[in-house]
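> Here you go, this is model17.cif (mmCIF, C-alpha atoms).
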data_protein
#
loop_
_atom_site.label_atom_id
_atom_site.label_comp_id
_atom_site.auth_asym_id
_atom_site.auth_seq_id
_atom_site.Cartn_x
_atom_site.Cartn_y
_atom_site.Cartn_z
CA MET O 1215 -2.65 -27.71 10.33
CA ALA O 1216 -2.46 -27.12 14.08
CA TYR O 1217 1.22 -26.16 13.69
CA LEU O 1218 0.36 -23.57 11.01
CA GLN O 1219 -2.38 -22.11 13.20
CA THR O 1220 0.11 -21.84 16.06
CA VAL O 1221 2.61 -20.09 13.81
CA LEU O 1222 -0.12 -17.76 12.51
CA GLN O 1223 -1.21 -16.97 16.07
CA GLY O 1224 2.43 -16.24 16.98
CA LEU O 1225 2.74 -13.83 14.03
CA ARG O 1226 -0.47 -12.09 15.05
CA SER O 1227 0.80 -11.76 18.60
CA LEU O 1228 4.03 -10.25 17.27
CA GLN O 1229 2.08 -7.72 15.18
CA ILE O 1230 -0.07 -6.81 18.19
CA GLU O 1231 3.05 -6.32 20.31
CA GLU O 1232 4.64 -4.08 17.66
CA LYS O 1233 1.45 -2.01 17.41
CA ALA O 1234 1.24 -1.76 21.20
CA GLN O 1235 4.81 -0.43 21.33
CA GLU O 1236 4.00 2.11 18.61
CA ILE O 1237 0.90 3.19 20.53
CA GLN O 1238 2.97 3.63 23.70
CA ILE O 1239 5.44 5.83 21.82
CA ARG O 1240 2.63 7.95 20.35
CA VAL O 1241 0.93 8.30 23.75
CA GLY O 1242 4.25 9.44 25.22
CA GLU O 1243 4.57 12.08 22.49
CA LEU O 1244 0.99 13.17 23.08
CA GLY O 1245 1.70 13.51 26.80
CA ARG O 1246 4.69 15.77 26.09
CA HIS O 1247 2.59 17.92 23.77
CA ILE O 1248 -0.15 18.22 26.39
CA ASN O 1249 2.40 19.27 29.03
CA THR O 1250 3.83 21.93 26.70
CA TYR O 1251 0.31 23.16 25.92
CA GLU O 1252 -0.47 23.36 29.65
CA GLU O 1253 2.69 25.40 30.30
CA LEU O 1254 1.82 27.82 27.49
CA MET O 1255 -1.75 28.22 28.73
CA GLN O 1256 -0.42 28.91 32.24
CA LYS O 1257 1.87 31.63 30.83
CA LEU O 1258 -1.02 33.08 28.83
CA GLY O 1259 -3.22 33.15 31.94
CA ASN O 1260 -0.50 34.92 33.89
CA SER O 1261 -0.06 37.46 31.09
CA LEU O 1262 -3.80 38.08 30.95
CA GLY O 1263 -3.86 38.52 34.71
CA THR O 1264 -1.09 41.10 34.46
CA SER O 1265 -2.92 42.91 31.64
CA VAL O 1266 -6.14 42.98 33.64
CA GLY O 1267 -4.24 44.36 36.62
CA HIS O 1268 -2.77 47.14 34.48
CA PHE O 1269 -6.19 47.89 32.99
CA ASN O 1270 -7.76 48.16 36.43
CA THR O 1271 -4.95 50.38 37.72
CA ALA O 1272 -5.22 52.66 34.68
CA HIS O 1273 -8.97 52.99 35.12
CA LYS O 1274 -8.57 53.87 38.79
CA GLU O 1275 -6.07 56.54 37.78
CA LEU O 1276 -8.54 57.87 35.21
CA LYS O 1277 -11.10 58.20 37.99
CA LYS O 1278 -8.58 60.30 39.95
CA VAL O 1279 -8.01 62.51 36.89
CA ASP O 1280 -11.78 62.94 36.52
CA LYS O 1281 -12.03 63.87 40.19
CA ASP O 1282 -9.38 66.58 39.68
CA VAL O 1283 -11.22 67.89 36.60
CA VAL O 1284 -14.45 68.04 38.62
CA LYS O 1285 -12.72 70.08 41.31
CA ILE O 1286 -11.24 72.50 38.74
CA ALA O 1287 -14.29 72.83 36.51
CA GLY O 1288 -16.94 72.57 39.20
CA THR O 1289 -18.84 69.89 37.27
CA THR O 1290 -20.03 66.44 38.22
CA ALA O 1291 -17.98 63.26 37.88
CA THR O 1292 -18.44 61.53 34.55
CA VAL O 1293 -16.03 58.62 34.76
CA GLU O 1294 -16.97 55.42 36.51
CA PRO O 1295 -14.12 52.93 36.72
CA ILE O 1296 -14.65 49.59 35.07
CA LEU O 1297 -12.87 46.88 37.02
CA LEU O 1298 -12.29 43.49 35.45
CA ASP O 1299 -11.74 40.19 37.22
CA LYS O 1300 -8.45 38.44 36.61
CA PRO O 1301 -8.61 35.05 34.90
CA SER O 1302 -8.79 32.08 37.21
CA LEU O 1303 -5.77 29.81 37.03
CA ASP O 1304 -7.37 27.07 39.12
CA ASP O 1305 -6.70 23.46 38.27
CA ASP O 1306 -10.12 22.14 37.30
#
How would this structure read if it were set down as structure tokens?

Amino acid sequence: MAYLQTVLQGLRSLQIEEKAQEIQIRVGELGRHINTYEELMQKLGNSLGTSVGHFNTAHKELKKVDKDVVKIAGTTATVEPILLDKPSLDDD
């Protein structure tokens, strides 16, 4: 009986080892996916930052156009530039 229990314990240990190896493989895959996701989010943040920069520049230019119209028409300024903050790419 003791021999059978030892054999059974050995089989259980083998199953646990196989499962542990499978878990290690899956965790490695998950790590690669997380790294790819992080790279894509970094690119997205950079693209958003560029878009915000273009938006802010365009709005400043609109303010200049409005200033010219005011000078020509003799009216008051009607455009107030809206400036946006760029997204933060800090590692939190």
> Have a look at O:Val1266, O:Asp1282, O:Gly1259, O:Glu1252 and name the one nearest to Ile1296 (chain O); count all atoms listed in the file.
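Closest to Ile1296 (chain O) of all the choices is O:Val1266.
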> Which residues come within 10 Å of Lys1281 (chain O), counting all atoms listed in the file, excluding same-chain residues fewer than 5 positions away, as a list of chain:residue names?
O:Glu1275, O:Leu1276, O:Ile1286, O:Ala1287, O:Thr1289, O:Thr1290, O:Ala1291, O:Thr1292, O:Val1293
> Produce a file of the selected residues containing C-alpha atoms, as a short mmCIF file (atom, residue, chain, number, x, y, z; two decimals), keeping the file's coordinate frame.

data_model
loop_
_atom_site.label_atom_id
_atom_site.label_comp_id
_atom_site.auth_asym_id
_atom_site.auth_seq_id
_atom_site.Cartn_x
_atom_site.Cartn_y
_atom_site.Cartn_z
CA GLU O 1275 -6.07 56.54 37.78
CA LEU O 1276 -8.54 57.87 35.21
CA ILE O 1286 -11.24 72.50 38.74
CA ALA O 1287 -14.29 72.83 36.51
CA THR O 1289 -18.84 69.89 37.27
CA THR O 1290 -20.03 66.44 38.22
CA ALA O 1291 -17.98 63.26 37.88
CA THR O 1292 -18.44 61.53 34.55
CA VAL O 1293 -16.03 58.62 34.76
#
> Can you measure CA of His1268 (chain O) to CA of Pro1301 (chain O) for me? One decimal in Å is fine.
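Answer for the CA of His1268 (chain O) to CA of Pro1301 (chain O) separation: 13.4 Å.
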> Could you check how far CA of Gly1267 (chain O) sits from CA of Ser1302 (chain O), in Å to one decimal?
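That distance, rounded to one decimal, is 13.1 Å.
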> Take CA of Ser1261 (chain O) and CA of Asp1304 (chain O) and report the distance between them in Å, one decimal.
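That distance, rounded to one decimal, is 15.0 Å.
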